[in-house]
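Below is one structure, written out as structure tokens; the observations come after it.
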Amino acid sequence: MDALSYVLAANRVTGMVAMQLRARGSWGLASDGIDDCAFLIVAQGSCWLRVAGHPPAQLVRGDVVMLPRGSAAALTNSRNGRASPARDLLAEHPPDEDGVVDLGGNGPAVHLIHGEFTFEHDRAHPVLSLLPPLMHIPAAPGAGELGTVVHMLASELAQPRPGSDTVVVHLADILFVHILRAWLAAHDTPGPSWLAALGDTQIGTALARLHAQPDRPWTIESLAAEAAMSRAAFARRFTRLVGEAPLAYLTVWRLNLAARRLRDTDDPIAAVAGQVGYGSEYSFSRAFTRHHGQPPGRYRRQSAPPVGLTAS
């Protein structure tokens, strides 16, 4: 797998459609934001989006918006339209059995699809932290891959068929990757970043290797060999693109991956240490505590689901 695929798999980026909104005429709603990453698709009509720190943006059919930090936002039918708290509107217009909220009204219709991406990690990877708080991807002529996914998702929601729930879940997962691809294709990533490194064939190859084999005793020399570069050239380019030295990046990846394994498995701490490249439980515990603020055993206990809420 490539580096992005490893990160998404390790951190379980999952998508879900939370609500569909239909409205006509004059309408507006404001959200306080969410803890996860939010997305919005305009399936029909047009509307205006207001996010603090950004000018109002008009959205039209086929546009996709992602708010990586779940920022508070307002959606209205006009540029300066009034927005009521979303919780009040939902109390007045509860969603139907298909999750559709219909605000009624008269005039041009708008149909919005709102959802969330859950990025399962207590320390967000740069895949989200380096993205801008507002990502607006206009509908492109010919749609492209993102447009195809959006069309398929909207069609499944508009005309549910046998298996539609499963299709919607998987399309929502796929949507995240295509939003990232479309954004990276249309924007230069400013400054050093993990995202910028994905576009470099040699550094991207090294990232994929260390993500695939975190337990391997990597050195600058061995990583440089994977990238078919000299040690010095590799270290310089990796640090310039990623923003931190190769072995510092590797340490963070190992400890984040260890956190997931402590949460999701019953493997002994010594085994987890070996799985992520530490030769002793003691050295692993020290590094884990520095990074996560608590020792592995306590982290595992506090991450365990409450009794009675385990999967059946």
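The way I read the labels, and the way they are meant: chains A, B, ... in the order of the structure tokens, residue 1 as the first residue of every chain, and ligand 1 as the first ligand shown, with later ones counted on from there.
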
Can you tell me, as a compact mmCIF listing (two decimals) with C-alpha atoms, in the first residue's frame, what residues are no more than 9 Å from region 53-56 of chain A when counting only C-alpha atoms, ignoring any on the same chain fewer than 6 positions away?
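Listing of around-v4.txt after writing:
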```txt
# COMPACT_ATOMS: atom_id res chain seq x y z
CA ARG A 79 -25.61 35.50 0.98
CA ASN A 80 -26.78 37.40 4.05
CA LEU A 134 -12.46 25.00 5.00
```

Any idea what's packed within 9 Å of Trp48 (chain A), counting only C-alpha atoms, ignoring anything in its chain fewer than 4 positions away? Could you give it as an MDAnalysis selection string? chainID A and resid 56:60 74:81

Put those residues in a file: C-alpha atoms, as an mmCIF file, in the first residue's frame.
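What ended up in again21.cif:
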```
data_model
loop_
_atom_site.group_PDB
_atom_site.id
_atom_site.type_symbol
_atom_site.label_atom_id
_atom_site.label_comp_id
_atom_site.auth_asym_id
_atom_site.auth_seq_id
_atom_site.Cartn_x
_atom_site.Cartn_y
_atom_site.Cartn_z
ATOM 1 C CA PRO A 56 -19.300 33.695 2.281
ATOM 2 C CA ALA A 57 -19.136 31.028 -0.414
ATOM 3 C CA GLN A 58 -21.912 30.201 -2.844
ATOM 4 C CA LEU A 59 -22.363 26.475 -3.322
ATOM 5 C CA VAL A 60 -24.022 24.981 -6.381
ATOM 6 C CA ALA A 74 -24.083 28.558 8.706
ATOM 7 C CA LEU A 75 -26.020 27.526 5.603
ATOM 8 C CA THR A 76 -28.585 29.891 4.090
ATOM 9 C CA ASN A 77 -30.502 30.376 0.869
ATOM 10 C CA SER A 78 -28.959 33.844 0.311
ATOM 11 C CA ARG A 79 -25.611 35.502 0.978
ATOM 12 C CA ASN A 80 -26.781 37.399 4.049
ATOM 13 C CA GLY A 81 -29.687 35.176 5.019
#
```

Selection near Ala139 (chain A), 8 Å with only C-alpha atoms, sequence-local residues under 3 positions removed, as a list in words: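 Once the adjacent positions are removed, what remains is Val60, Arg61, Gly62, Asp63, Val64, Ala143 and Gly147 of chain A.
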
Of the candidates A:Gly107, A:Pro295, A:Gly279, A:Pro162, which shows the shortest atom-to-atom distance to Ala23 (chain A), using only C-alpha atoms?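 Of the candidates, the smallest distance to Ala23 (chain A) is held by A:Gly107.
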
Could you write out, as a PyMOL selection string, all the residues of region 43-218 of chain A that DSSP marks as strand (DSSP E)? chain A and resi 43-44+46-51+57-60+64-67+73-76+84-85+100-102+109-119+135-137

Can I get the selected residues back with C-alpha atoms, as a PDB file, in the first residue's frame?
```pdb
ATOM      1  CA  ALA A  43     -27.161  17.415  -4.576  1.00  0.00           C
ATOM      2  CA  GLN A  44     -29.660  19.956  -5.926  1.00  0.00           C
ATOM      3  CA  SER A  46     -27.683  26.225  -4.503  1.00  0.00           C
ATOM      4  CA  CYS A  47     -27.027  27.858  -1.128  1.00  0.00           C
ATOM      5  CA  TRP A  48     -24.509  29.974   0.775  1.00  0.00           C
ATOM      6  CA  LEU A  49     -21.982  28.777   3.311  1.00  0.00           C
ATOM      7  CA  ARG A  50     -20.550  31.004   6.031  1.00  0.00           C
ATOM      8  CA  VAL A  51     -17.593  29.900   8.155  1.00  0.00           C
ATOM      9  CA  ALA A  57     -19.136  31.028  -0.414  1.00  0.00           C
ATOM     10  CA  GLN A  58     -21.912  30.201  -2.844  1.00  0.00           C
ATOM     11  CA  LEU A  59     -22.363  26.475  -3.322  1.00  0.00           C
ATOM     12  CA  VAL A  60     -24.022  24.981  -6.381  1.00  0.00           C
ATOM     13  CA  VAL A  64     -18.341  19.388  -2.117  1.00  0.00           C
ATOM     14  CA  VAL A  65     -17.208  21.014   1.130  1.00  0.00           C
ATOM     15  CA  MET A  66     -15.091  19.473   3.872  1.00  0.00           C
ATOM     16  CA  LEU A  67     -14.485  21.017   7.287  1.00  0.00           C
ATOM     17  CA  ALA A  73     -20.886  26.975   9.992  1.00  0.00           C
ATOM     18  CA  ALA A  74     -24.083  28.558   8.706  1.00  0.00           C
ATOM     19  CA  LEU A  75     -26.020  27.526   5.603  1.00  0.00           C
ATOM     20  CA  THR A  76     -28.585  29.891   4.090  1.00  0.00           C
ATOM     21  CA  SER A  84     -31.528  29.634  13.015  1.00  0.00           C
ATOM     22  CA  PRO A  85     -29.786  27.192  15.368  1.00  0.00           C
ATOM     23  CA  VAL A 100     -34.267  13.449   5.566  1.00  0.00           C
ATOM     24  CA  VAL A 101     -35.057  16.793   7.173  1.00  0.00           C
ATOM     25  CA  ASP A 102     -37.586  18.756   5.129  1.00  0.00           C
ATOM     26  CA  ALA A 109     -35.483  23.649  -3.974  1.00  0.00           C
ATOM     27  CA  VAL A 110     -32.163  22.714  -2.439  1.00  0.00           C
ATOM     28  CA  HIS A 111     -31.042  19.246  -1.387  1.00  0.00           C
ATOM     29  CA  LEU A 112     -27.958  18.909   0.810  1.00  0.00           C
ATOM     30  CA  ILE A 113     -26.187  15.783   2.055  1.00  0.00           C
ATOM     31  CA  HIS A 114     -24.332  16.238   5.335  1.00  0.00           C
ATOM     32  CA  GLY A 115     -21.997  13.691   6.846  1.00  0.00           C
ATOM     33  CA  GLU A 116     -18.988  13.129   9.046  1.00  0.00           C
ATOM     34  CA  PHE A 117     -15.620  11.437   8.823  1.00  0.00           C
ATOM     35  CA  THR A 118     -14.399   9.867  12.034  1.00  0.00           C
ATOM     36  CA  PHE A 119     -10.624   9.836  12.360  1.00  0.00           C
ATOM     37  CA  MET A 135     -12.075  23.000   1.799  1.00  0.00           C
ATOM     38  CA  HIS A 136     -14.466  23.945  -1.025  1.00  0.00           C
ATOM     39  CA  ILE A 137     -14.181  21.776  -4.119  1.00  0.00           C
TER      40      ILE A 137
END
```
